[in-house]
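*Asks:* What follows is a structure written as C-alpha cells; I'll ask about it next.
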Amino acid sequence: MTTEMIPARKLEAEGGRRGWATMYRFITLLLFVALAVVFVPRFASQANLLNLTRNIFLLCLMGCGMALSMLIGGLDLSLGSVGALSSVLGATLIAGGHISLGVAVAIAVGAAIGFLNGFMISRFKLPDFIMTFSMMYIARGLALTYTQGQATYNLPRPFLWIGKGFVGPIPVPVIISLIVLLILFLALKYTTFGRGLYAVGANKKAALYSGISVPRKQIQAYTISGLLAAVVGLIYVARLNSANADLGQSWTMDAIAVCVIGGISFAGGEGNFLGLLMGGTVIGIIDNCINLLGVPSRFQDFFMGLVVVLTVTADHYAKKRQ
Amino acid sequence: MKKRAMLLIAMLVIGIGIVSGQAAPKPANGKKFNIVLIVKDLTNPFFTDMRDGGAAAAKKYGVDITCLSPEKYTVDAQIRIMEDMIEKKVDAIVIAPIDSNGIVSGVERANAAGIPVMACNTAILGGKLLGFAGIDEISSGKSLGEYFVKRLNGKGNIVILEGTTGSSTAQAYLNGVHEAIDKYPNIKVLASTTAKYNREMGMQVMEDLLTRFPDIDAALCMNDVMALGAKEAVQEARRKVLIGGINALPETLEAVKRGEIEVTVDASGYVQAYIATELTCKYLLTGEIPPAVTKIGIGNAQAISAANIDQFLKSRAK
C-alpha cells in the first residue's frame with residue numbers, strides 16, 4: 001500500500017474485504033484439517049480429536065486477551081507471567097480448601113495487574129511494548145519469590161473439574177472458552193464498548209475527537225486481558241493438578257501466533273473474534289501433528305515458525321489481490 | 001518441611017552407607033579447621049540437602065563448617081561471599097558455582113591467598129582447584145535407563161521425553177539413558193522428543209504420543225516436572241504406562257508412593273556435598289590430595305521406586 005488511508009476510508013474498505021478475508025481463512029482452515037486427516041495417522045481418532053479440541057479452545061482463550069490489546073493497537077506481553085502469578089496465589093487458597101475464594105483472588109489479581117498495565121500505558125504514555133514487557137518480568141519474579149520454586153499440588157477434586165471435567169461429552173475448558181469468545185464477539189460487534197476499541201485501534205486521534213476516552217479503552221482492554229490470563233492460568237493449574245511459578249512460559253508467543261493467523265492486525269483496529277477460532281485451530285493442529293508425525297525435536301521450532309509465516313503470507317497476498 | 005526433613009534423614013542413611021568402613025583420621029595436633037561451603041540457592045531443597053551433607057562430613061572429621069548462599073542467584077554474589085571468606089582466613093572453600101567460568105576470578109583470589117578450593121556439583125573451568133566431586137547427568141540418565149531395562153526384563157516399547165533441545169544437560173541425560181538401553185535390542189524407542197523440561201509440554205506431548213502409539217510400556221522423562229505432566233495425560237487417557245523421572249522432587253516421591261509414577265532418580269545433593277567436604281577435610285588433616293575429578297558413581301544416582309520407597313519412607317519416619 002503506497003498511500004496511507006484515512007480511517008473512515010480504511011473502515012469502509014475493510015467492510016468490503018472482510019467477507020473475502022474471512023472466507024479465505026476458512027478455506028485455509030479446511031485445507032489444514034483435510035491435510036491432517038489424509039496424511040497424519042490417527043489424527044481423526046476420537047481420543048485425538050478430544051485432546052485437540054481442548055487444546056484449540058485453550059489457545060483461543062489465550063488469544064482473546066492478546067486480541068483485545070492488539071485491537072487497540074497495543075500488545076500484552078505479560079500474559080503468561082500474569083497467568084502464573086495469579087494462579088499460584090490463588091492455588092495456595094484452593095489447596096487449603098477455599099476453592100471459590102482462591103478462584104476469585106486469582107481473577108482479581110489478574111485483573112488488577114491488567115489494570116496497572118493499562119493505567120501506566122494511558123496515564124504515563126509508556127509504550128505498550130515496554131510496559132507489558134517489564135510486567136512480564138515483574139509478575140514472573142513475584143511468582144518465583146512467592147513460591148520459592150516449590151509447586152502447590154494435590155488440589156481438591158472439585159476444583160480440578162475446571163480443567164479435567166466434562167459437561168456431557170464436552171470438556172469444561174472448551175465451554176469456558178466458548179462462553180468468553182461469544183461474549184467478546186457480541187460485545188465487540190454490538191456495543192459502544194466494542195466499537196470504541198476498534199476506533200481507538202484504528203486511529204487514536206480520530207477516536208479522541210469523536211469523544212471516545214482513549215485512556216479508558218486502554219485500561220479496559222488490558223484489565224480484561226489480565227483477567228483472562230488468570231482464567232487460563234486456573235484452567236491449566238486444574239489440568240496439571242499443580243501450580244508452579246514456571247507456568248505459561250509459552251503462552252504469550254502462542255497467543256500472538258493465534259491472533260496473527262486469526263487476522264487480528266498488529267496495527268490495531270482490525271480483526272474479529274471468529275478469526276481467533278481459526279488461529280487457534282491452525283496452531284493447535286500444527287502442535288498436534290508435530291508430535292503425531294514425530295517431527296524431530298531439533299526441527300520443531302523451525303517447522304512451527306515456517307508454517308506460521310507461510311499461512312500469514314498467503315493471507316496477506318490473498319487480501320491484497322482482492 | 002517435615003517431608004524435607006525426612007528426605008534428609010534418608011539421604012543421611014545413604015551417605016553413611018557410602019562412607020562407612022573408612023576410618024576417620026583424627027584432627028591433627030588440636031588445631032580446629034574452619035571451612036566454608038558455598039551453594040547456589042538455599043531456597044531450593046536440593047541445596048539444603050547439600051548443606052546437610054557438608055555438615056555431616058565436617059562433623060565426622062571434627063572440622064567447623066559454615067554453609068552460605070547468595071541472596072541473589074548470581075555468580076558475582078558468590079564471588080563476594082568468597083572474598084569475605086578469604087578476608088576471614090578460612091582454611092578451605094567448598095563451592096557449587098552458579099557459573100563454571102564466572103567463578104574463576106574468585107578461585108584465583110583464593111589461590112593468591114593460599115586457600116584451597118574444592119568444586120562440587122558443577123565444574124569450575126579455571127584457577128587452581130583441589131579437585132571436583134559431583135554426580136553428572138549421564139549417571140542419572142543411566143540409572144533411569146537401567147531401572148527400566150530391569151523392570152521391563154529387557155523387552156518393551158518406550159518413549160523418551162527430552163529436556164530443552166540444545167541444552168547441555170538435556171544431551172547428557174539422554175546420552176546416559178542410551179548408554180543403559182542401547183545394549184538391549186528388544187527395548188524399542190518408539191519416539192524421543194522434547195517437552196522442554198516443562199510440565200504443560202510434558203502433558204501435551206504425552207497426550208499426542210499416547211494417540212500415536214497404542215502400545216507404550218514406559219515413558220522415560222528427563223526431569224520430574226515433565227514426568228508429572230505426562231502422568232496427568234496417562235491418567236486422563238486411562239492407559240497403563242510406567243513413568244520415570246529424574247530429581248526426586250517431594251511431589252514425585254508422593255506420586256511414586258501412590259503408584260502413579262514408577263520411579264524417580266535422586267542425584268543426591270547430600271552425597272555430593274558430603275564427599276566434596278570429606279575430601280577437603282582429609283586434605284586439611286592429612287595432606288592427602290584428592291583426585292582432580294571424583295565422579296560420584298551411578299550407585300549414588302539412586303532410582304527410587306515402589307520397591308524401595310517403603311524402606312525410604314521408613315528411614316525417613318525415624
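Identifiers in the C-alpha cells: chain A, B, ... in order shown; residue index from 1 per chain; ligand index from 1 in order shown.
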Using only C-alpha atoms, I'd like every residue of chain B that has an atom within 6 Å of chain A; please write them out as a PyMOL selection string.

*Replies:* chain B and resi 193-194+208+212

*Asks:* Select from region 2-251 of chain B everything DSSP, run on the backbone, classes as alpha helix (DSSP H), then give the selection as a ChimeraX atom specification.

*Replies:* /B:2-19,45-60,75-87,104-112,137-151,168-181,199-212,224-236,250-251

*Asks:* May I have the residues within 12 Å of Asp215 (chain B) as a list in words, using only C-alpha atoms and disregarding those fewer than 6 positions away in the same chain?

*Replies:*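 Within the cut-off, the hits are Gly156, Asn157, Ile158, Val159, Lys188, Val189, Leu190, Leu209, Arg239, Lys240, Val241 and Leu242 of chain B.
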
*Asks:* Select, from A:Val33, A:Gly90, A:Gly196, A:Tyr190, the residue with the minimum atom-to-atom distance to Tyr146 (chain A), counting only C-alpha atoms.

*Replies:* A:Gly90

*Asks:* For Glu83 (chain B), work out the shell of residues within 12 Å, counting only C-alpha atoms and skipping chain neighbours fewer than 2 positions away, then give it as a list in words.

*Replies:* Val36, Ile38, Asp76, Ala77, Gln78, Ile79, Arg80, Ile81, Met85, Ile86, Glu87, Lys88, Lys89, Val90, Ile93, Ile103, Ser105, Gly106, Val107, Glu108, Arg109, Ala110, Asn111, Ala112, Ala113 and Ile115 of chain B

*Asks:* Once you have the residues from the selection above, write them out as a PDB file, in the first residue's frame, restricted to C-alpha atoms.

*Replies:*
```pdb
ATOM      1  CA  VAL B  36      33.035 -22.808  54.247  1.00  0.00           C
ATOM      2  CA  ILE B  38      29.068 -22.063  49.324  1.00  0.00           C
ATOM      3  CA  ASP B  76      29.016 -12.216  41.306  1.00  0.00           C
ATOM      4  CA  ALA B  77      27.251 -12.567  44.624  1.00  0.00           C
ATOM      5  CA  GLN B  78      29.037 -15.894  45.153  1.00  0.00           C
ATOM      6  CA  ILE B  79      32.383 -14.222  44.437  1.00  0.00           C
ATOM      7  CA  ARG B  80      31.595 -11.527  47.036  1.00  0.00           C
ATOM      8  CA  ILE B  81      30.979 -14.286  49.575  1.00  0.00           C
ATOM      9  CA  MET B  85      35.677 -15.679  53.435  1.00  0.00           C
ATOM     10  CA  ILE B  86      39.208 -15.049  52.161  1.00  0.00           C
ATOM     11  CA  GLU B  87      39.249 -11.982  54.393  1.00  0.00           C
ATOM     12  CA  LYS B  88      38.126 -14.164  57.317  1.00  0.00           C
ATOM     13  CA  LYS B  89      41.006 -16.563  56.504  1.00  0.00           C
ATOM     14  CA  VAL B  90      39.001 -19.774  56.349  1.00  0.00           C
ATOM     15  CA  ILE B  93      36.351 -23.308  50.441  1.00  0.00           C
ATOM     16  CA  ILE B 103      33.521 -18.131  39.333  1.00  0.00           C
ATOM     17  CA  SER B 105      38.182 -14.896  39.279  1.00  0.00           C
ATOM     18  CA  GLY B 106      37.040 -15.786  42.803  1.00  0.00           C
ATOM     19  CA  VAL B 107      39.048 -19.001  42.685  1.00  0.00           C
ATOM     20  CA  GLU B 108      42.126 -17.074  41.577  1.00  0.00           C
ATOM     21  CA  ARG B 109      41.781 -14.690  44.514  1.00  0.00           C
ATOM     22  CA  ALA B 110      41.580 -17.650  46.895  1.00  0.00           C
ATOM     23  CA  ASN B 111      44.624 -19.180  45.175  1.00  0.00           C
ATOM     24  CA  ALA B 112      46.549 -15.953  45.732  1.00  0.00           C
ATOM     25  CA  ALA B 113      45.647 -16.086  49.421  1.00  0.00           C
ATOM     26  CA  ILE B 115      43.254 -21.054  50.415  1.00  0.00           C
TER      27      ILE B 115
END
```

*Asks:* What is the CA of Ala111 (chain A) to CA of Ala187 (chain A) distance in Å?

*Replies:* 18.4 Å

*Asks:* To one decimal place in Å, what is the distance between CA of Asp182 (chain B) and CA of Phe302 (chain A)?

*Replies:* 29.1 Å

*Asks:* Given only C-alpha atoms as the basis, pick out the residue of B:Phe132, B:Tyr73, B:Phe47, B:Tyr197 nearest to Thr165 (chain B).

*Replies:*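 For Thr165 (chain B), the nearest of the given residues is B:Tyr197.
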
*Asks:* To one decimal place, how far is CA of Gln220 (chain A) from CA of Asn272 (chain A) in Å?

*Replies:* 17.5 Å

*Asks:* Can you pull out every residue from region 167-221 of chain B that DSSP, working from the backbone, puts in strand (DSSP E), and format the result as a PDB file with all heavy atoms, in the first residue's frame?

*Replies:*
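New file states24.pdb:
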```pdb
ATOM      1  N   ILE B 187      14.502 -53.493  23.593  1.00  0.00           N
ATOM      2  CA  ILE B 187      13.927 -52.243  24.102  1.00  0.00           C
ATOM      3  C   ILE B 187      13.813 -51.321  22.903  1.00  0.00           C
ATOM      4  O   ILE B 187      14.816 -50.885  22.342  1.00  0.00           O
ATOM      5  CB  ILE B 187      14.843 -51.588  25.162  1.00  0.00           C
ATOM      6  CG1 ILE B 187      15.014 -52.496  26.374  1.00  0.00           C
ATOM      7  CG2 ILE B 187      14.331 -50.206  25.541  1.00  0.00           C
ATOM      8  CD1 ILE B 187      13.990 -52.317  27.450  1.00  0.00           C
ATOM      9  N   LYS B 188      12.576 -51.063  22.512  1.00  0.00           N
ATOM     10  CA  LYS B 188      12.366 -50.280  21.300  1.00  0.00           C
ATOM     11  C   LYS B 188      11.980 -48.849  21.659  1.00  0.00           C
ATOM     12  O   LYS B 188      11.006 -48.624  22.363  1.00  0.00           O
ATOM     13  CB  LYS B 188      11.265 -50.924  20.462  1.00  0.00           C
ATOM     14  CG  LYS B 188      11.571 -50.905  18.977  1.00  0.00           C
ATOM     15  CD  LYS B 188      10.529 -51.656  18.192  1.00  0.00           C
ATOM     16  CE  LYS B 188       9.870 -50.712  17.198  1.00  0.00           C
ATOM     17  NZ  LYS B 188       8.584 -51.187  16.706  1.00  0.00           N
ATOM     18  N   VAL B 189      12.780 -47.876  21.172  1.00  0.00           N
ATOM     19  CA  VAL B 189      12.433 -46.469  21.419  1.00  0.00           C
ATOM     20  C   VAL B 189      11.467 -46.026  20.318  1.00  0.00           C
ATOM     21  O   VAL B 189      11.851 -45.811  19.182  1.00  0.00           O
ATOM     22  CB  VAL B 189      13.683 -45.568  21.422  1.00  0.00           C
ATOM     23  CG1 VAL B 189      13.278 -44.121  21.693  1.00  0.00           C
ATOM     24  CG2 VAL B 189      14.680 -46.033  22.464  1.00  0.00           C
ATOM     25  N   LEU B 190      10.186 -45.922  20.678  1.00  0.00           N
ATOM     26  CA  LEU B 190       9.177 -45.549  19.683  1.00  0.00           C
ATOM     27  C   LEU B 190       9.346 -44.090  19.268  1.00  0.00           C
ATOM     28  O   LEU B 190       9.206 -43.751  18.102  1.00  0.00           O
ATOM     29  CB  LEU B 190       7.774 -45.723  20.278  1.00  0.00           C
ATOM     30  CG  LEU B 190       7.383 -47.134  20.698  1.00  0.00           C
ATOM     31  CD1 LEU B 190       6.031 -47.113  21.390  1.00  0.00           C
ATOM     32  CD2 LEU B 190       7.353 -48.063  19.496  1.00  0.00           C
ATOM     33  N   ALA B 191       9.644 -43.239  20.248  1.00  0.00           N
ATOM     34  CA  ALA B 191       9.817 -41.818  19.953  1.00  0.00           C
ATOM     35  C   ALA B 191      10.688 -41.199  21.025  1.00  0.00           C
ATOM     36  O   ALA B 191      10.651 -41.621  22.178  1.00  0.00           O
ATOM     37  CB  ALA B 191       8.466 -41.113  19.917  1.00  0.00           C
ATOM     38  N   SER B 192      11.492 -40.223  20.624  1.00  0.00           N
ATOM     39  CA  SER B 192      12.315 -39.481  21.575  1.00  0.00           C
ATOM     40  C   SER B 192      12.174 -38.021  21.185  1.00  0.00           C
ATOM     41  O   SER B 192      12.683 -37.592  20.166  1.00  0.00           O
ATOM     42  CB  SER B 192      13.761 -39.951  21.454  1.00  0.00           C
ATOM     43  OG  SER B 192      14.579 -39.253  22.360  1.00  0.00           O
ATOM     44  N   THR B 193      11.425 -37.275  22.000  1.00  0.00           N
ATOM     45  CA  THR B 193      11.082 -35.919  21.567  1.00  0.00           C
ATOM     46  C   THR B 193      11.126 -34.958  22.748  1.00  0.00           C
ATOM     47  O   THR B 193      11.037 -35.377  23.899  1.00  0.00           O
ATOM     48  CB  THR B 193       9.710 -35.900  20.879  1.00  0.00           C
ATOM     49  OG1 THR B 193       9.503 -34.623  20.303  1.00  0.00           O
ATOM     50  CG2 THR B 193       8.590 -36.193  21.845  1.00  0.00           C
ATOM     51  N   THR B 194      11.254 -33.679  22.463  1.00  0.00           N
ATOM     52  CA  THR B 194      11.427 -32.719  23.559  1.00  0.00           C
ATOM     53  C   THR B 194      10.097 -32.296  24.178  1.00  0.00           C
ATOM     54  O   THR B 194       9.099 -32.166  23.486  1.00  0.00           O
ATOM     55  CB  THR B 194      12.191 -31.470  23.086  1.00  0.00           C
ATOM     56  OG1 THR B 194      12.423 -30.630  24.212  1.00  0.00           O
ATOM     57  CG2 THR B 194      11.410 -30.686  22.049  1.00  0.00           C
ATOM     58  N   ALA B 218       6.632 -47.816  28.669  1.00  0.00           N
ATOM     59  CA  ALA B 218       7.233 -46.888  29.624  1.00  0.00           C
ATOM     60  C   ALA B 218       7.553 -45.551  28.967  1.00  0.00           C
ATOM     61  O   ALA B 218       7.847 -45.492  27.772  1.00  0.00           O
ATOM     62  CB  ALA B 218       8.515 -47.483  30.204  1.00  0.00           C
ATOM     63  N   ALA B 219       7.458 -44.492  29.776  1.00  0.00           N
ATOM     64  CA  ALA B 219       7.857 -43.153  29.333  1.00  0.00           C
ATOM     65  C   ALA B 219       8.994 -42.686  30.229  1.00  0.00           C
ATOM     66  O   ALA B 219       8.819 -42.554  31.436  1.00  0.00           O
ATOM     67  CB  ALA B 219       6.682 -42.187  29.414  1.00  0.00           C
ATOM     68  N   LEU B 220      10.176 -42.479  29.644  1.00  0.00           N
ATOM     69  CA  LEU B 220      11.336 -42.018  30.407  1.00  0.00           C
ATOM     70  C   LEU B 220      11.454 -40.503  30.242  1.00  0.00           C
ATOM     71  O   LEU B 220      11.688 -40.020  29.147  1.00  0.00           O
ATOM     72  CB  LEU B 220      12.616 -42.700  29.904  1.00  0.00           C
ATOM     73  CG  LEU B 220      12.882 -44.136  30.378  1.00  0.00           C
ATOM     74  CD1 LEU B 220      11.818 -45.092  29.868  1.00  0.00           C
ATOM     75  CD2 LEU B 220      14.260 -44.598  29.944  1.00  0.00           C
ATOM     76  N   CYS B 221      11.233 -39.776  31.340  1.00  0.00           N
ATOM     77  CA  CYS B 221      11.247 -38.320  31.266  1.00  0.00           C
ATOM     78  C   CYS B 221      12.539 -37.804  31.887  1.00  0.00           C
ATOM     79  O   CYS B 221      12.937 -38.259  32.953  1.00  0.00           O
ATOM     80  CB  CYS B 221      10.054 -37.736  32.004  1.00  0.00           C
ATOM     81  SG  CYS B 221       8.496 -38.456  31.468  1.00  0.00           S
TER      82      CYS B 221
END
```

*Asks:* Near Pro291 (chain B), counting only C-alpha atoms, which residues have an atom at most 8 Å away, once you skip same-chain residues fewer than 2 positions from it, shown as a PyMOL selection string?

*Replies:* chain B and resi 131-132+289+293-294

*Asks:* Between A:Leu29, A:Val214, A:Ala207, A:Ile224, which has the minimum distance to Gly279 (chain A) (counting only C-alpha atoms)?

*Replies:*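 Among the listed residues, A:Leu29 lies closest to Gly279 (chain A).
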
*Asks:* Applying 7 Å and only C-alpha atoms, which residues near Lys142 (chain B) remain after dropping the ones on its own chain fewer than 3 positions away? List them as a PyMOL selection string.

*Replies:* chain B and resi 138-139+145-146+176-177+179-180

*Asks:* Export, as a CSV table (one decimal), in the first residue's frame, the selected residues with all heavy atoms.

*Replies:*
```
chain,number,residue,atom,x,y,z
B,138,ILE,N,24.9,-37.7,33.2
B,138,ILE,CA,25.0,-39.0,32.5
B,138,ILE,C,24.7,-40.2,33.4
B,138,ILE,O,23.9,-41.1,33.1
B,138,ILE,CB,26.4,-39.2,31.8
B,138,ILE,CG1,26.6,-38.2,30.7
B,138,ILE,CG2,26.6,-40.6,31.3
B,138,ILE,CD1,27.9,-38.3,30.0
B,139,SER,N,25.2,-40.1,34.7
B,139,SER,CA,24.9,-41.1,35.7
B,139,SER,C,23.4,-41.2,36.0
B,139,SER,O,22.9,-42.3,36.1
B,139,SER,CB,25.7,-40.9,36.9
B,139,SER,OG,27.1,-40.7,36.7
B,145,GLY,N,17.7,-45.4,32.9
B,145,GLY,CA,17.6,-46.4,31.8
B,145,GLY,C,17.8,-47.8,32.3
B,145,GLY,O,17.0,-48.7,32.0
B,146,GLU,N,18.8,-48.0,33.3
B,146,GLU,CA,19.0,-49.3,33.8
B,146,GLU,C,17.8,-49.8,34.6
B,146,GLU,O,17.5,-51.0,34.6
B,146,GLU,CB,20.3,-49.3,34.7
B,146,GLU,CG,21.5,-49.3,33.8
B,146,GLU,CD,22.8,-49.3,34.6
B,146,GLU,OE1,22.7,-49.1,35.8
B,146,GLU,OE2,23.9,-49.4,34.0
B,176,GLY,N,23.1,-40.7,28.8
B,176,GLY,CA,23.1,-41.6,29.9
B,176,GLY,C,22.1,-42.7,29.7
B,176,GLY,O,22.3,-43.9,29.9
B,177,VAL,N,20.9,-42.3,29.3
B,177,VAL,CA,19.8,-43.3,29.1
B,177,VAL,C,20.2,-44.3,28.0
B,177,VAL,O,20.1,-45.5,28.1
B,177,VAL,CB,18.5,-42.6,28.7
B,177,VAL,CG1,17.4,-43.6,28.1
B,177,VAL,CG2,17.9,-41.8,29.8
B,179,GLU,N,23.2,-45.0,27.0
B,179,GLU,CA,24.2,-45.9,27.5
B,179,GLU,C,23.6,-47.2,28.1
B,179,GLU,O,24.2,-48.3,28.0
B,179,GLU,CB,25.1,-45.2,28.5
B,179,GLU,CG,26.5,-45.1,28.1
B,179,GLU,CD,27.3,-44.3,29.2
B,179,GLU,OE1,27.5,-44.8,30.3
B,179,GLU,OE2,27.7,-43.1,28.9
B,180,ALA,N,22.5,-47.0,28.8
B,180,ALA,CA,21.9,-48.1,29.5
B,180,ALA,C,21.1,-49.0,28.6
B,180,ALA,O,21.1,-50.2,28.7
B,180,ALA,CB,21.1,-47.6,30.7
```

*Asks:* Set the distance at 10 Å and use only C-alpha atoms: which residues neighbour Ile175 (chain A) once local chain neighbours fewer than 4 positions away are removed? I'd like the list as a list in words.

*Replies:*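 Counting only the stated atoms, we get Arg54, Phe57, Ile162, Phe166, Val167, Ile170, Pro171, Ile179, Val180 and Leu181 of chain A.
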
*Asks:* Let me make sure I understand: among A:Ile219, A:Ile72, A:Ala34, A:Met23, which one has the smallest atom-to-atom distance to Phe119 (chain A) if we use only C-alpha atoms?

*Replies:*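 For Phe119 (chain A), the nearest of the given residues is A:Ile219.
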
*Asks:* With only C-alpha atoms counted and 12 Å as the cut-off, give the residues of region 207-272 of chain B in contact with region 50-67 of chain B, each with its shortest interatomic distance in Å and the pair that gives it, as JSON lines.

*Replies:*
```
{"residue": "B:Ala267", "atom": "CA", "partner": "B:Met50", "partner_atom": "CA", "distance": 11.0}
{"residue": "B:Ser268", "atom": "CA", "partner": "B:Met50", "partner_atom": "CA", "distance": 8.1}
{"residue": "B:Gly269", "atom": "CA", "partner": "B:Met50", "partner_atom": "CA", "distance": 4.7}
{"residue": "B:Tyr270", "atom": "CA", "partner": "B:Gly53", "partner_atom": "CA", "distance": 4.2}
{"residue": "B:Val271", "atom": "CA", "partner": "B:Gly53", "partner_atom": "CA", "distance": 6.1}
{"residue": "B:Gln272", "atom": "CA", "partner": "B:Met50", "partner_atom": "CA", "distance": 7.0}
```
